[in-house]
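Heads up: the structure comes next, in structure tokens.
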Amino acid sequence: MKEKLKILVVDDEVHILHVVALKFRNAGYEVITSQDGREGLELAQVERPALIITDYQMPHLSGLELARRIRHIPSTREIPVLMLTARGFSVDQAALQAAGIEICIEKPFGPRELLRRVDEILQEQPV
Amino acid sequence: MLPARKTLPVLMILLALAGSTFWLAGRWAPVGGGIFSIWLTWSLIILSGIFCFFWLVLFRQRHLSTLGNIREQLQHFVQTDRIGMIMIEGNDELSSLASEMNQYLTNIKMRFEKQRLERKELLLQSSVAETESRQGRAIIQSISEAVIVTDRFDEILTANQAAQDLLDFQLSPESRQPVNSVIKDQELLQMLEQVRQKKSTNLTRLVQRQHPHTDKMLDLKVLTACVFDDEKEVIGVVMVIHDITTEKEIARMKDDFVSCVTHELKTPLASIRAYAELIAEGEVGPVESQQQFCSIIQEQADRLNRLIDDILNISHIQAGHLELVLEPCALGLIIEQAITTIRPQALEKNIELVTCLPESEINILVDQDLIYQAVLNLLSNAVKYSQRDGKVTVRAWQDNEGRAYLEVEDQGVGIPADEQERIFEKFYRVPQNNSQAEGNGLGLHLVHEIIQSLHKGTITVKSQPGRGSTFTVSLPLCQTREPVLCRS
């Protein structure tokens, strides 16, 4: 049986949270969710997830800023961050790299594809 | 009459004649006859002398008279400051002299006339050049871009007021000043120098500068080019500084708008795509869940549709393509229709909808469909941002100054004071309330456009976080019964 890895999903769209959580739970992951960037940062420190999936545009704290802060906190520095965005071409790729974001997936996305990318990232991670 | 120059030869002939007579008389005449011949000879000589004397006197008088005539004519020319012809009668030396003088004067006159024409031509050219120069300076002065023109000696030929304001200098009207003593911006000076040295016809650079008077940061496009003469020699440099701050701001706003539209369109689409895939792959579970998922897909499709409608409506309003049908409408009736539409949504959260309308009808001259849309958006927001079991109150009244009023009050989350100014902006959502309800940030913007841009009304908001918000709309009362068609 697959070890239950913990995934944190941060998105202000409740339906995206719902659908991503369902897909990853079905795939054997433990999923925690948040609709707010600030709360997501707190959860990342407390829960220490194996990976964070975050939306780009969120109230209070954007996904980019969330990733930056995660990189600056020693306990969360190594957590890979995957970004979902509905902003298309206007996302600054250099800013994504600077914030240490592994992959940016554009909305609308397929949950299956998202799961595949997450699996890949986690397989590459050192145990 | 014998010409004066022939008087002396005549005299000589007379004397020679007298001498010959004397010689003949002395050789052929008998003694005694010689005395007669001597007497005759001397008589002839004396007669010749007398004749010549009178002849000379007469000639001198005539000569003096002619000279006087010439002098008078010359004095007349001097007095009238013109060159004419000397007119004298006769065929003597003076006439000949006058004729030569006339020839000479004619030549002078012709040269003078030629010079006068050349001078006139030069004056005309100078006048044209001066007019063109003045027009050029006027054009340079009137254009909004900063323009600096230097001459071949690197001195400022002209610089318009915009350049003087932007680069903070004042041009001396008396003399040309060296460009580096007037302009202190080293980068611009380098550009002028670089263009001159390379004989370049176009050097463009984007720079940022702070406006010396307003301190506003400006984005500037600097274009520099040499001015050449016919021999392709550099006779100056022109620098045009174009303020592109507004253009960049518009481009940024356009990008932001496209980015916002993309985000708002893709967000519901993402839900639809993801739920559809889960259903298709059988990851949903029981039938109830499938129905629930389908219902979410429908809801998100409706959201997408509303968003597209809102964007199109705003686009039509702002482009001025919307045809308004202004007709007398009862405000109470529009409110009742909007409440009927919103009631199911209110019931879901057990929100009480209260209306306070006057007994008499309030007639407004509006496009009924658009005002209905505006009232519905206000009511929809009031319900969305209200807590369960809350209350939404709609009031309407009119004043004596020809205005009708509509008020929508809720007891919802409210809007922080520093956010209230921005809530009518396109795609703006209050960050603190974002998680309270779905929205695209277009609803209030559309209300604002319908009320203020299309109906010359006003909309204001009063709100306290945690205690609710009150939106007040004022519209002109109806003064006519006839429908009016107009274009926004």
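Letters A, B, ... mark the chains of the structure tokens in the order given; residue numbers begin at 1 per chain; ligand numbers begin at 1, in order shown.
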
Residues of chain B within 6 Å of chain A, counting only C-alpha atoms, what are they? List them as a PyMOL selection string. chain B and resi 259+262-263+266+269-271+274+431

Neighbour list for Asp119 (chain A) as a PyMOL selection string, cut-off 12 Å, only C-alpha atoms, skip fewer than 4 positions in-chain: chain A and resi 2+5+7+24+27-29+50-51+80+82+112-115+123-125

When you look at Leu203 (chain B) with a cut-off of 8 Å (counting only C-alpha atoms), what residues show up, excluding the ones that are within fewer than 6 positions of it in the same chain? I need them as a ChimeraX atom specification. /B:191,195,222-225

Residues from last step as file, N, CA and C atoms, as a compact mmCIF listing (two decimals), in the first residue's frame:
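So out.txt came out as:
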```txt
# COMPACT_ATOMS: atom_id res chain seq x y z
N MET B 191 24.17 61.58 -26.04
CA MET B 191 23.40 61.20 -27.23
C MET B 191 23.62 62.21 -28.35
N VAL B 195 25.45 61.20 -31.86
CA VAL B 195 24.75 61.35 -33.15
C VAL B 195 25.57 62.22 -34.09
N VAL B 222 13.60 59.07 -26.25
CA VAL B 222 14.42 60.16 -26.79
C VAL B 222 14.87 59.79 -28.21
N LEU B 223 14.51 60.61 -29.17
CA LEU B 223 14.91 60.39 -30.56
C LEU B 223 15.86 61.51 -30.96
N THR B 224 17.01 61.13 -31.49
CA THR B 224 18.00 62.13 -31.87
C THR B 224 18.44 61.87 -33.31
N ALA B 225 18.62 62.96 -34.08
CA ALA B 225 19.03 62.81 -35.48
C ALA B 225 19.79 64.04 -35.93
```

Please return, as a PyMOL selection string, all residues of region 74-155 of chain B that DSSP assigns to alpha helix (DSSP H) on the basis of the backbone. chain B and resi 74-80+93-142

Compare B:Leu189, B:Lys248, B:Leu304, B:Ile450 by their minimum atom-to-atom distance to His316 (chain B), counting only C-alpha atoms, and give me the closest one.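 Smallest separation from His316 (chain B) among the options: B:Ile450.
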
Considering only C-alpha atoms, return as a PyMOL selection string whatever protein or nucleic-acid residues lie within 7 Å of Ala330 (chain B), sequence-local ones (same chain, fewer than 3 positions apart) excluded. chain B and resi 333-334+361-364

Between CA of Pro465 (chain B) and CA of Ala338 (chain B), what is the distance in Å, rounded to a tenth?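 Rounded to one decimal, the two atoms are 25.8 Å apart.
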
Straight-line distance linking CA of Thr341 (chain B) with CA of Ser469 (chain B), stated in Å to one decimal: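 Separating CA of Thr341 (chain B) from CA of Ser469 (chain B) is a distance of 20.9 Å.
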
Test item, strand (DSSP E or B) assignment across region 1-35 of chain A, answer as a VMD selection string: chain A and resid 6 to 10 30 to 34

Could you save the residues just selected, with C-alpha atoms, as a PDB file, in the first residue's frame?
```pdb
ATOM      1  CA  LYS A   6       0.607  14.712   2.745  1.00  0.00           C
ATOM      2  CA  ILE A   7      -0.287  17.341   0.139  1.00  0.00           C
ATOM      3  CA  LEU A   8      -1.277  20.920   0.960  1.00  0.00           C
ATOM      4  CA  VAL A   9      -3.608  22.556  -1.574  1.00  0.00           C
ATOM      5  CA  VAL A  10      -4.110  26.344  -1.345  1.00  0.00           C
ATOM      6  CA  GLU A  30      -3.554  12.747   2.540  1.00  0.00           C
ATOM      7  CA  VAL A  31      -4.820  16.180   1.556  1.00  0.00           C
ATOM      8  CA  ILE A  32      -5.136  19.346   3.610  1.00  0.00           C
ATOM      9  CA  THR A  33      -6.675  22.448   2.070  1.00  0.00           C
ATOM     10  CA  SER A  34      -6.798  26.194   2.615  1.00  0.00           C
TER      11      SER A  34
END
```

Would you pick out the contacts of Ala98 (chain B) at 12 Å or less, using only C-alpha atoms, so that residues sharing its chain but fewer than 4 positions from it are not included, and give the list as a tab-separated table (two decimals) with C-alpha atoms, in the first residue's frame?
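The file below, part.tsv, is the result:
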```
chain	number	residue	atom	x	y	z
B	66	THR	CA	24.52	123.92	-73.01
B	67	LEU	CA	26.66	123.16	-69.95
B	69	ASN	CA	21.40	122.94	-69.27
B	70	ILE	CA	23.35	119.77	-68.53
B	71	ARG	CA	24.06	120.90	-64.95
B	73	GLN	CA	19.36	118.29	-65.61
B	74	LEU	CA	22.02	116.61	-63.46
B	84	GLY	CA	17.44	109.95	-66.36
B	85	MET	CA	18.67	110.98	-69.78
B	86	ILE	CA	20.43	114.32	-70.51
B	87	MET	CA	18.42	116.02	-73.25
B	88	ILE	CA	20.26	118.71	-75.25
B	89	GLU	CA	19.89	120.00	-78.79
B	90	GLY	CA	22.57	120.24	-81.40
B	91	ASN	CA	25.27	118.16	-82.91
B	92	ASP	CA	28.44	119.55	-81.35
B	93	GLU	CA	30.97	118.10	-78.91
B	94	LEU	CA	28.68	118.69	-75.96
B	102	ASN	CA	23.61	109.15	-71.52
B	103	GLN	CA	25.05	105.85	-72.61
B	104	TYR	CA	27.00	105.69	-69.38
B	105	LEU	CA	23.95	106.69	-67.34
B	106	THR	CA	21.89	104.08	-69.15
```

The residue from A:Gly100, A:Ile105, A:Ala94, A:Leu122 with the smallest atom-to-atom distance to Arg71 (chain A), counting only C-alpha atoms, is A:Gly100
